[in-house]
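Engineer: This is upload20.cif (mmCIF, C-alpha atoms and all ligand atoms).
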data_entry
#
loop_
_atom_site.label_atom_id
_atom_site.label_comp_id
_atom_site.auth_asym_id
_atom_site.auth_seq_id
_atom_site.Cartn_x
_atom_site.Cartn_y
_atom_site.Cartn_z
CA MET A 185 0.00 0.00 0.00
CA ALA A 186 1.39 3.38 -0.94
CA ASP A 187 2.09 5.86 1.82
CA PHE A 188 -0.67 8.39 1.18
CA ALA A 189 -0.76 11.80 2.75
CA ARG A 190 -3.11 11.79 5.71
CA SER A 191 -3.41 15.56 5.90
CA HIS A 192 -6.50 15.79 3.71
CA THR A 193 -8.14 19.14 4.40
CA GLY A 194 -11.54 18.18 3.07
CA ALA A 195 -11.75 21.60 1.42
CA LEU A 196 -13.75 21.10 -1.76
CA ASP A 197 -14.86 23.61 -4.34
CA SER A 198 -18.30 24.88 -3.50
CA GLU A 199 -19.98 23.40 -6.59
CA ALA A 200 -21.69 20.00 -6.63
CA PRO A 201 -19.90 17.03 -8.20
CA ALA A 202 -20.19 16.65 -11.97
CA ALA A 203 -22.64 13.72 -12.02
CA ALA A 204 -24.73 11.47 -9.77
CA PRO A 205 -22.87 10.49 -6.54
CA LEU A 206 -20.95 7.22 -6.69
CA ASP A 207 -21.18 4.50 -4.09
CA LEU A 208 -17.51 4.51 -3.03
CA PRO A 209 -15.71 3.74 0.25
CA GLN A 210 -14.83 6.81 2.29
CA ARG A 211 -11.11 6.80 1.55
CA PHE A 212 -9.64 6.14 -1.86
CA ASP A 213 -6.53 4.52 -0.34
CA GLU A 214 -8.74 1.70 0.96
CA VAL A 215 -9.30 0.77 -2.69
CA ILE A 216 -6.24 1.83 -4.62
CA GLU A 217 -3.37 -0.57 -4.05
CA ASP A 218 -0.65 1.18 -5.87
CA LEU A 219 -0.44 4.93 -6.53
CA HIS A 220 2.46 6.51 -8.42
CA VAL A 221 3.01 10.13 -9.37
CA VAL A 222 5.56 10.83 -12.08
CA ARG A 223 6.91 13.94 -13.78
CA LEU A 224 7.43 13.69 -17.54
CA PRO A 225 9.80 16.22 -19.15
CA MET A 226 8.66 17.69 -22.48
CA VAL A 227 10.68 18.30 -25.64
CA THR A 228 9.35 21.82 -25.90
CA ARG A 229 7.01 24.21 -24.10
CA PHE A 230 3.41 23.25 -24.78
CA ARG A 231 0.34 24.79 -23.22
CA GLY A 232 2.74 26.88 -21.13
CA ILE A 233 4.40 23.90 -19.44
CA THR A 234 7.70 22.05 -19.88
CA GLU A 235 6.97 19.15 -17.50
CA ARG A 236 3.79 17.19 -16.92
CA GLU A 237 2.84 15.54 -13.63
CA VAL A 238 0.52 12.53 -13.82
CA ALA A 239 -0.81 10.09 -11.22
CA LEU A 240 -1.16 6.41 -12.10
CA PHE A 241 -2.96 3.59 -10.32
CA THR A 242 -4.22 0.13 -11.06
CA GLY A 243 -7.56 -1.65 -10.69
CA PRO A 244 -9.33 -4.83 -11.87
CA SER A 245 -9.18 -3.80 -15.56
CA GLY A 246 -5.59 -2.51 -15.47
CA TRP A 247 -3.65 0.75 -15.12
CA ALA A 248 -5.29 4.14 -15.41
CA GLU A 249 -4.10 7.75 -15.35
CA PHE A 250 -5.44 10.66 -13.31
CA SER A 251 -3.84 13.86 -14.61
CA PRO A 252 -5.94 17.00 -14.42
CA PHE A 253 -3.71 20.02 -15.02
CA VAL A 254 -2.41 21.31 -11.70
CA GLU A 255 -4.44 24.54 -11.82
CA TYR A 256 -7.81 22.75 -12.07
CA GLY A 257 -10.13 22.80 -9.05
CA THR A 258 -11.80 19.81 -7.44
CA GLU A 259 -15.08 19.92 -9.35
CA GLU A 260 -13.38 19.79 -12.74
CA ALA A 261 -10.67 17.36 -11.60
CA SER A 262 -13.24 14.92 -10.21
CA ARG A 263 -14.56 14.30 -13.73
CA TRP A 264 -11.02 13.26 -14.62
CA LEU A 265 -11.01 10.90 -11.64
CA ARG A 266 -14.32 9.37 -12.69
CA ALA A 267 -12.70 8.58 -16.06
CA SER A 268 -9.67 6.95 -14.45
CA LEU A 269 -11.76 4.92 -12.02
CA GLU A 270 -13.84 3.62 -14.93
CA PHE A 271 -10.80 2.75 -17.05
CA SER A 272 -9.16 0.91 -14.14
CA GLY A 273 -12.38 -1.02 -13.49
CA LEU A 274 -12.81 0.41 -9.98
CA ILE A 275 -16.29 1.70 -10.91
CA PRO A 276 -18.66 0.09 -13.42
CA GLN A 277 -18.61 1.11 -17.05
CA THR A 278 -21.43 3.41 -18.16
CA THR A 279 -24.11 2.01 -20.43
CA ALA A 280 -22.77 3.67 -23.56
CA LEU A 281 -19.40 2.08 -22.95
CA ALA A 282 -20.77 -1.33 -22.11
CA GLU A 283 -22.89 -1.28 -25.28
CA ALA A 284 -20.08 -0.12 -27.57
CA ALA A 285 -17.90 -2.45 -29.62
CA PRO A 286 -16.05 -5.36 -27.93
CA SER A 287 -13.38 -4.24 -25.51
CA THR A 288 -10.79 -6.97 -25.50
CA VAL A 289 -7.56 -5.09 -26.03
CA PRO A 290 -3.99 -6.33 -25.90
CA VAL A 291 -1.63 -5.39 -23.10
CA ARG A 292 1.80 -3.78 -23.48
CA GLY A 293 4.34 -3.18 -20.81
CA SER A 294 6.37 -4.90 -18.19
CA SER A 295 4.02 -7.52 -16.76
CA PRO A 296 0.69 -8.32 -18.38
CA ALA A 297 -1.24 -7.85 -15.15
CA VAL A 298 -4.59 -7.91 -16.88
CA ALA A 299 -6.02 -11.26 -17.79
CA GLU A 300 -8.13 -10.34 -20.82
CA ALA A 301 -5.24 -9.64 -23.17
CA GLY A 302 -6.23 -9.97 -26.80
CA THR A 303 -4.32 -9.76 -30.06
CA SER A 304 -6.49 -7.52 -32.18
CA GLY A 305 -3.56 -5.50 -33.60
CA GLU A 306 -5.98 -2.60 -34.07
CA THR A 307 -4.50 0.87 -34.55
CA VAL A 308 -5.90 4.40 -34.68
CA ASP A 309 -4.47 7.23 -36.80
CA VAL A 310 -3.07 10.28 -35.05
CA ASN A 311 -2.09 13.79 -36.00
CA GLY A 312 1.27 15.33 -35.30
CA THR A 313 1.14 18.33 -32.97
CA LEU A 314 3.09 21.47 -33.80
CA PRO A 315 3.37 23.75 -30.76
CA ALA A 316 3.84 27.51 -31.05
CA CYS A 317 7.58 27.41 -31.79
CA PRO A 318 10.18 29.43 -33.73
CA PRO A 319 10.22 28.59 -37.47
CA ASP A 320 13.58 26.81 -37.21
CA GLN A 321 11.99 24.34 -34.76
CA VAL A 322 9.26 23.25 -37.19
CA ALA A 323 11.41 20.73 -39.06
CA PRO A 324 12.98 19.09 -35.96
CA ILE A 325 9.60 18.82 -34.18
CA LEU A 326 7.87 17.34 -37.22
CA SER A 327 10.73 14.90 -37.82
CA ARG A 328 9.77 13.21 -34.54
CA TYR A 329 6.49 12.10 -36.19
CA ASP A 330 7.99 10.48 -39.32
CA ARG A 331 5.20 9.75 -41.82
CA VAL A 332 2.24 11.50 -40.23
CA GLY A 333 -0.54 12.52 -42.67
CA THR A 334 -2.19 15.23 -40.53
CA VAL A 335 -0.69 17.95 -38.33
CA LYS A 336 -2.40 20.19 -35.81
CA ALA A 337 -0.65 23.53 -35.28
CA LYS A 338 -1.20 25.71 -32.26
CA VAL A 339 -1.80 29.40 -32.96
CA ALA A 340 -2.70 32.48 -30.87
CA GLU A 341 -0.44 31.57 -27.96
CA HIS A 342 -0.38 35.29 -27.13
CA GLY A 343 -3.71 36.01 -28.76
CA PHE A 344 -3.87 38.18 -31.86
CA ALA A 345 -0.36 39.50 -31.10
CA SER A 346 0.99 36.10 -32.25
CA LEU A 347 -0.51 36.35 -35.73
CA ASP A 348 2.67 37.33 -37.59
CA GLU A 349 4.69 34.60 -35.84
CA ASP A 350 1.90 32.10 -36.52
CA LEU A 351 1.87 32.97 -40.22
CA THR A 352 5.67 32.64 -40.46
CA ARG A 353 5.56 29.23 -38.73
CA LEU A 354 2.69 28.00 -40.92
CA ARG A 355 4.46 29.14 -44.12
CA GLU A 356 7.49 27.17 -43.00
CA PHE A 357 5.22 24.20 -42.30
CA ARG A 358 3.62 24.42 -45.77
CA ARG A 359 7.06 24.75 -47.40
CA LEU A 360 8.14 21.52 -45.69
CA CYS A 361 4.82 19.66 -45.97
CA PRO A 362 2.76 20.93 -48.93
CA GLU A 363 0.48 17.86 -48.98
CA THR A 364 -0.07 17.25 -45.25
CA THR A 365 -3.57 17.82 -43.89
CA LEU A 366 -3.48 20.83 -41.56
CA ARG A 367 -5.65 21.72 -38.57
CA LEU A 368 -5.26 24.78 -36.36
CA ASP A 369 -6.03 25.22 -32.67
CA ALA A 370 -6.31 28.67 -31.08
CA ASN A 371 -7.34 27.43 -27.62
CA ALA A 372 -9.95 30.20 -27.45
CA GLY A 373 -7.23 32.82 -27.93
CA TYR A 374 -9.12 35.39 -30.06
CA THR A 375 -12.02 37.78 -29.74
CA LEU A 376 -14.65 37.41 -32.43
CA SER A 377 -13.30 40.21 -34.62
CA GLU A 378 -9.71 38.96 -34.20
CA ALA A 379 -10.84 35.45 -35.13
CA LEU A 380 -12.36 36.78 -38.35
CA GLN A 381 -9.15 38.57 -39.29
CA ALA A 382 -7.12 35.47 -38.40
CA CYS A 383 -9.40 33.26 -40.51
CA GLU A 384 -8.92 35.59 -43.48
CA ALA A 385 -5.16 35.25 -43.03
CA PHE A 386 -5.17 31.47 -42.43
CA ALA A 387 -7.45 30.68 -45.39
CA GLU A 388 -4.37 30.37 -47.65
CA PHE A 389 -3.23 27.26 -45.76
CA ASP A 390 -6.09 24.95 -46.83
CA LEU A 391 -7.32 23.88 -43.39
CA GLN A 392 -9.22 20.73 -42.47
CA TYR A 393 -10.65 22.60 -39.49
CA PHE A 394 -9.95 25.38 -37.00
CA GLU A 395 -10.31 24.40 -33.34
CA GLN A 396 -11.85 26.82 -30.80
CA PRO A 397 -10.86 30.22 -32.22
CA VAL A 398 -13.04 32.04 -29.64
CA PRO A 399 -14.07 31.11 -26.07
CA GLU A 400 -17.88 31.20 -26.08
CA VAL A 401 -20.31 28.91 -27.89
CA GLU A 402 -22.36 31.92 -29.04
CA GLN A 403 -19.21 33.50 -30.50
CA LEU A 404 -18.40 30.28 -32.36
CA ALA A 405 -21.89 30.37 -33.88
CA GLU A 406 -21.50 34.05 -34.86
CA LEU A 407 -18.08 33.32 -36.33
CA ARG A 408 -19.52 30.53 -38.49
CA ASP A 409 -22.28 32.84 -39.77
CA GLU A 410 -19.82 35.58 -40.61
CA LEU A 411 -17.41 33.14 -42.33
CA ALA A 412 -20.29 31.89 -44.48
CA ARG A 413 -21.27 35.49 -45.30
CA ARG A 414 -17.69 36.24 -46.40
CA GLY A 415 -17.48 33.02 -48.42
CA LEU A 416 -14.59 31.65 -46.29
CA PRO A 417 -15.01 27.87 -46.21
CA ILE A 418 -13.32 27.24 -42.83
CA VAL A 419 -14.71 24.35 -40.74
CA ILE A 420 -14.96 25.27 -37.05
CA ALA A 421 -14.33 22.67 -34.32
CA ALA A 422 -15.24 22.98 -30.63
CA ASP A 423 -12.83 21.75 -27.95
CA GLU A 424 -12.95 23.82 -24.73
CA SER A 425 -16.70 24.24 -25.37
CA ILE A 426 -17.19 20.48 -24.94
CA ARG A 427 -16.62 19.57 -21.31
CA LYS A 428 -19.94 18.63 -19.75
CA ALA A 429 -22.78 16.37 -20.84
CA GLU A 430 -25.03 19.33 -21.74
CA ASP A 431 -22.37 21.13 -23.82
CA PRO A 432 -22.57 19.18 -27.09
CA LEU A 433 -26.30 19.69 -27.36
CA ARG A 434 -25.85 23.41 -27.04
CA VAL A 435 -23.06 23.41 -29.61
CA ALA A 436 -25.26 21.42 -32.00
CA GLU A 437 -28.38 23.52 -31.31
CA LEU A 438 -26.60 26.80 -31.96
CA GLY A 439 -24.73 25.40 -34.96
CA ALA A 440 -21.57 26.57 -33.21
CA ALA A 441 -19.26 23.94 -34.72
CA GLU A 442 -19.18 21.24 -37.37
CA VAL A 443 -16.71 19.02 -35.48
CA ILE A 444 -16.26 18.32 -31.75
CA ILE A 445 -13.00 17.47 -30.00
CA VAL A 446 -13.47 14.95 -27.20
CA LYS A 447 -11.02 14.04 -24.43
CA VAL A 448 -11.61 11.05 -22.19
CA GLN A 449 -10.55 12.46 -18.84
CA PRO A 450 -12.19 15.93 -18.96
CA LEU A 451 -15.45 14.33 -20.11
CA GLY A 452 -15.47 11.76 -17.29
CA GLY A 453 -14.65 8.58 -19.19
CA ILE A 454 -15.00 6.69 -22.45
CA GLY A 455 -18.70 5.99 -21.84
CA ALA A 456 -19.48 9.63 -21.06
CA ALA A 457 -17.57 10.72 -24.15
CA LEU A 458 -19.56 8.30 -26.33
CA ASP A 459 -22.75 9.76 -24.84
CA VAL A 460 -21.56 13.28 -25.65
CA ILE A 461 -20.73 12.32 -29.23
CA GLY A 462 -24.08 10.55 -29.67
CA ALA A 463 -26.02 13.49 -28.21
CA SER A 464 -24.36 16.03 -30.49
CA GLY A 465 -24.64 13.98 -33.66
CA LEU A 466 -21.48 15.79 -34.80
CA PRO A 467 -18.28 14.28 -36.24
CA ALA A 468 -15.79 13.78 -33.39
CA VAL A 469 -12.02 13.73 -33.05
CA VAL A 470 -10.44 12.25 -29.92
CA SER A 471 -7.59 14.24 -28.45
CA SER A 472 -5.19 13.60 -25.60
CA ALA A 473 -4.99 15.70 -22.48
CA LEU A 474 -1.20 15.49 -22.72
CA GLU A 475 -1.01 12.13 -21.03
CA SER A 476 1.53 9.36 -20.52
CA SER A 477 1.01 6.16 -22.51
CA VAL A 478 -1.35 4.93 -19.78
CA GLY A 479 -3.74 7.83 -20.37
CA LEU A 480 -3.31 7.72 -24.15
CA ALA A 481 -4.50 4.08 -24.06
CA ALA A 482 -7.95 5.25 -22.91
CA GLY A 483 -8.04 7.81 -25.74
CA ALA A 484 -7.10 5.12 -28.27
CA GLU A 485 -9.94 2.90 -27.02
CA LEU A 486 -12.42 5.73 -27.49
CA ALA A 487 -10.97 6.57 -30.92
CA ALA A 488 -11.47 2.96 -32.02
CA ARG A 489 -15.17 3.28 -31.15
CA LEU A 490 -15.95 6.58 -32.85
CA PRO A 491 -19.22 6.45 -34.81
CA ARG A 492 -18.63 7.12 -38.50
CA THR A 493 -21.37 9.15 -40.13
CA ASP A 494 -21.46 10.49 -43.69
CA ARG A 495 -20.62 13.95 -42.33
CA SER A 496 -17.64 12.55 -40.43
CA LEU A 497 -16.36 10.78 -43.55
CA ASP A 498 -16.88 13.96 -45.53
CA ILE A 499 -14.93 16.27 -43.21
CA LEU A 500 -12.45 13.91 -41.55
CA GLY A 501 -11.91 11.19 -44.14
CA ASP A 502 -11.83 7.39 -43.88
CA ARG A 503 -9.62 7.17 -40.83
CA VAL A 504 -10.03 9.97 -38.30
CA ALA A 505 -6.58 11.26 -37.30
CA CYS A 506 -6.89 11.80 -33.57
CA GLY A 507 -4.84 14.13 -31.35
CA LEU A 508 -3.23 11.19 -29.59
CA GLY A 509 0.29 11.58 -30.95
CA THR A 510 1.36 13.71 -28.00
CA GLY A 511 3.69 11.00 -26.66
CA ARG A 512 6.18 12.59 -29.06
CA LEU A 513 6.10 15.79 -27.00
CA PHE A 514 7.73 14.02 -24.03
CA THR A 515 11.34 12.96 -23.58
CA ALA A 516 10.38 10.12 -21.22
CA ASP A 517 7.40 7.83 -20.67
CA VAL A 518 6.41 5.15 -18.14
CA VAL A 519 7.24 2.31 -20.54
CA ALA A 520 10.18 1.64 -22.87
CA GLU A 521 10.22 3.44 -26.23
CA ASP A 522 9.10 0.37 -28.20
CA GLU A 523 6.13 -0.19 -25.89
CA ALA A 524 5.03 3.44 -25.60
CA LEU A 525 1.98 4.78 -27.44
CA THR A 526 4.06 7.07 -29.58
CA PRO A 527 3.04 7.15 -33.23
CA VAL A 528 4.71 4.95 -35.80
CA ASP A 529 3.78 5.86 -39.37
CA GLY A 530 1.00 8.09 -38.11
CA ALA A 531 -0.80 5.52 -35.93
CA ILE A 532 -0.83 4.12 -32.39
CA PRO A 533 -2.06 0.70 -31.27
CA VAL A 534 -5.22 0.18 -29.24
CA THR A 535 -3.70 -1.52 -26.23
CA ARG A 536 -3.53 -1.46 -22.44
CA ILE A 537 -0.29 -0.20 -20.87
CA VAL A 538 1.46 -1.63 -17.81
CA PRO A 539 4.11 0.83 -16.57
CA ASP A 540 7.70 -0.26 -16.04
CA PRO A 541 8.44 -0.21 -12.25
CA ASP A 542 11.98 1.14 -12.81
CA ARG A 543 10.65 4.05 -14.81
CA LEU A 544 7.97 4.76 -12.23
CA GLN A 545 10.76 5.04 -9.70
CA GLN A 546 13.12 7.09 -11.89
CA LEU A 547 10.40 9.56 -12.87
CA ALA A 548 8.75 9.76 -9.43
CA VAL A 549 8.02 13.21 -8.01
CA ASP A 550 9.39 14.23 -4.62
CA PRO A 551 7.42 13.35 -1.45
CA GLY A 552 5.90 16.84 -1.23
CA ARG A 553 4.40 16.60 -4.71
CA PHE A 554 3.25 13.03 -4.04
CA ALA A 555 1.42 14.23 -0.92
CA TRP A 556 -0.19 17.06 -2.96
CA TRP A 557 -1.50 14.57 -5.54
CA ALA A 558 -2.67 12.08 -2.90
CA ASP A 559 -4.55 14.90 -1.18
CA ARG A 560 -6.05 16.02 -4.49
CA LEU A 561 -7.14 12.47 -5.28
CA GLN A 562 -8.85 12.19 -1.91
CA SER A 563 -10.67 15.52 -2.47
CA CYS A 564 -11.91 14.39 -5.90
CA TRP A 565 -12.86 10.99 -4.50
CA SER A 566 -14.91 12.69 -1.75
CA ALA A 567 -16.56 14.93 -4.35
CA LEU A 568 -17.56 11.90 -6.45
CA ARG A 569 -19.07 10.25 -3.37
CA GLY A 570 -21.32 13.32 -3.09
O1 LIG A 601 -4.82 17.51 -30.31
C1 LIG A 601 -3.57 17.39 -30.30
O2 LIG A 601 -2.91 17.23 -31.33
C2 LIG A 601 -2.79 17.45 -29.04
C3 LIG A 601 -3.52 17.68 -27.81
C4 LIG A 601 -3.76 19.13 -27.54
O3 LIG A 601 -3.69 19.96 -28.42
C5 LIG A 601 -4.08 19.51 -26.23
C6 LIG A 601 -3.84 18.66 -25.20
C7 LIG A 601 -3.99 19.08 -23.87
C8 LIG A 601 -4.51 20.30 -23.59
C9 LIG A 601 -5.00 21.22 -24.60
O4 LIG A 601 -4.55 22.52 -24.34
C10 LIG A 601 -4.63 20.88 -26.03
C11 LIG A 601 -5.87 21.14 -26.91
O5 LIG A 601 -6.36 22.24 -26.89
O6 LIG A 601 -6.38 20.31 -27.63
MG MG A 602 -7.81 22.18 -28.53
#
Any chance you could put this one into structure tokens?
Structural biologist:
Amino acid sequence: MADFARSHTGALDSEAPAAAPLDLPQRFDEVIEDLHVVRLPMVTRFRGITEREVALFTGPSGWAEFSPFVEYGTEEASRWLRASLEFSGLIPQTTALAEAAPSTVPVRGSSPAVAEAGTSGETVDVNGTLPACPPDQVAPILSRYDRVGTVKAKVAEHGFASLDEDLTRLREFRRLCPETTLRLDANAGYTLSEALQACEAFAEFDLQYFEQPVPEVEQLAELRDELARRGLPIVIAADESIRKAEDPLRVAELGAAEVIIVKVQPLGGIGAALDVIGASGLPAVVSSALESSVGLAAGAELAARLPRTDRSLDILGDRVACGLGTGRLFTADVVAEDEALTPVDGAIPVTRIVPDPDRLQQLAVDPGRFAWWADRLQSCWSALRG
């Protein structure tokens, strides 16, 4: 049993937990045998960070990752915990998940601790991710992805002020990769009028879609109307606007996006994500939340179960390239390179990951950070109990 911090303050965010209370024991350490917290160094700054802390634990179905970004409060982070508990088998799968395609997946890693290992050999396509970087970094970053057919580039890191740098980086990208499918992601970095100017400027790059140019759902809808009025055929995707069960319906009702980006942990699990996709009726792309291979495995399982509609085929093609290639943004992972879910020829396998104990030790955070994560886990656990 891991040595969990006992100094839990019990201080929760004031809001109610994200979904119906779960019937869980009072303390999570009565259930979780083995908790590890590791720090993964990144090859470059991404989303403002250069290292990523993630917590890993195991349950009846195998290893799962709990890795809300450190600034997230308990209410939001407890959805991430619900996802990890479901993936580890510590809480039952939701109906959508249980009813989806068969779930026998192979196991990779040091010791196949999960009995139901299969040999499906299934893979899902991924996109490369190009962070906001100087133009001379474009080639070295892309070379880490070898033969990837789709790239997602981050723009608007400093809002509209980044536009010139973004255009220089994207021109360098197009010079190097004239045929590669390109997506952009502004992480809600523009106002509506800035987004319109940016779309005018980005139209030359032949985009598959543009992810979350503006923060609000209503602004996304207005942006789409105005793009149509100006005859700019840019497909808008919603990412930050899709976090709770009710969000996709609102996005669909307002016509705010033509594509939704879904992430397993923020949405509360694979089953919840499938519900969200079903409710919206919109084409979906699965993205990572910048996870270790353990967390990426849950994303790959969801990606393998994406419904394919005519609209999805039309916008996203035969095989949806998901944002699950982010293993390439780290310099270390919890399994050896040849077992990690890093893309090879633009795809990753659908498989369960068992971390390597030596790596868990080498990458472990210091006791203070471990105690912080154990405390956070307990807070989220208490919130889920309601
Ligand atoms: O989609 C990808 O290619 C990579 C994942 C990615 O972009 C993200 C991962 C984690 C946090 C987010 O800020 C970011 C995103 O906005 O999609
Ligand atoms: Mg995004």
Engineer: Could you give me the residues within 12 Å of ligand MG 602 (chain A), counting only C-alpha atoms and all ligand atoms, as a ChimeraX atom specification?
Structural biologist: /A:230-231,313,315,336-341,367-373,393-399,420-427,443-447,469-474,506-508
Engineer: Have a look at A:Arg223, A:Arg331, A:Arg492, A:Arg512 and name the one nearest to ligand LIG 601 (chain A); count only C-alpha atoms and all ligand atoms.
Structural biologist: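 Closest residue, counting only C-alpha atoms and all ligand atoms: A:Arg512.
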Engineer: For Glu442 of chain A, please output as a ChimeraX atom specification all residues within 12 Å (counting only C-alpha atoms; exclusion window: fewer than 5 positions along the same chain).
Structural biologist: /A:392-396,404-405,408,417-423,432,435-437,464-469,495-496,498-500
Engineer: Between atom CA of Arg489 of chain A and atom CA of Val308 of chain A, what is the distance, to one decimal in Å?
Structural biologist: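 Spanning atom CA of Arg489 of chain A to atom CA of Val308 of chain A is a straight-line distance of 10.0 Å.
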Engineer: So, with only C-alpha atoms as the atoms that count, which of A:Leu561, A:Ala484, A:Leu314, A:Leu513 lies closest to Ser268 of chain A?
Structural biologist: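 With only C-alpha atoms as the atom set, the closest residue is A:Leu561.
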Engineer: Enclose all atoms of ligand LIG 601 (chain A) listed in the file in an axis-aligned box, grow every side by 6 Å, and hand back centre and edge lengths in Å to one decimal, as JSON.
Structural biologist:
{"center_x": -4.6, "center_y": 19.9, "center_z": -27.5, "size_x": 15.6, "size_y": 17.3, "size_z": 19.7}
Engineer: Could you work out how far atom CA of Ala323 of chain A lies from atom CA of Arg359 of chain A, giving the answer in Å with one decimal?
Structural biologist: 10.2 Å
Engineer: At a cut-off of 9 Å, can you tabulate as a Markdown table every residue of segment 452-565 of chain A near segment 243-246 of chain A together with its closest atom pair and the distance in Å to one decimal, using only C-alpha atoms and ordering rows by chain then number?
Structural biologist:
| residue | atom | partner | partner_atom | distance |
| --- | --- | --- | --- | --- |
| A:Arg536 | CA | A:Gly246 | CA | 7.3 |
| A:Ile537 | CA | A:Gly246 | CA | 7.9 |
| A:Val538 | CA | A:Gly246 | CA | 7.5 |
Engineer: Check the smallest atom-to-atom distance from each of A:Ala267, A:Leu206, A:Leu480, A:Ala457 to ligand LIG 601 (chain A) using only C-alpha atoms and all ligand atoms, then report the winner.
Structural biologist: A:Leu480
Engineer: Could you check which of A:Gly453, A:Gly570, A:Pro252, A:Pro324 is closest to ligand LIG 601 (chain A), using all atoms listed in the file?
Structural biologist: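 Smallest distance to ligand LIG 601 (chain A) is found for A:Pro252.
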Engineer: For atom CA of Asp559 of chain A and atom CA of Phe212 of chain A, determine how far apart the two atoms are, in Å to one decimal place.
Structural biologist: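 Here the two named atoms are 10.2 Å from each other.
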Engineer: Residues near Arg263 of chain A, anyone? I mean within 8 Å using only C-alpha atoms, not counting same-chain ones fewer than 2 positions away, as a list in words.
Structural biologist: Ala202, Glu259, Glu260, Ala261, Leu265, Arg266, Ala267, Gln449, Pro450, Leu451, Gly452 and Gly453 of chain A
Engineer: Check the smallest atom-to-atom distance from each of A:Val401, A:Leu360, A:Cys564, A:Leu366 to Tyr256 of chain A using all atoms listed in the file, then report the winner.
Structural biologist: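 The answer is A:Cys564, which sits nearest to Tyr256 of chain A.
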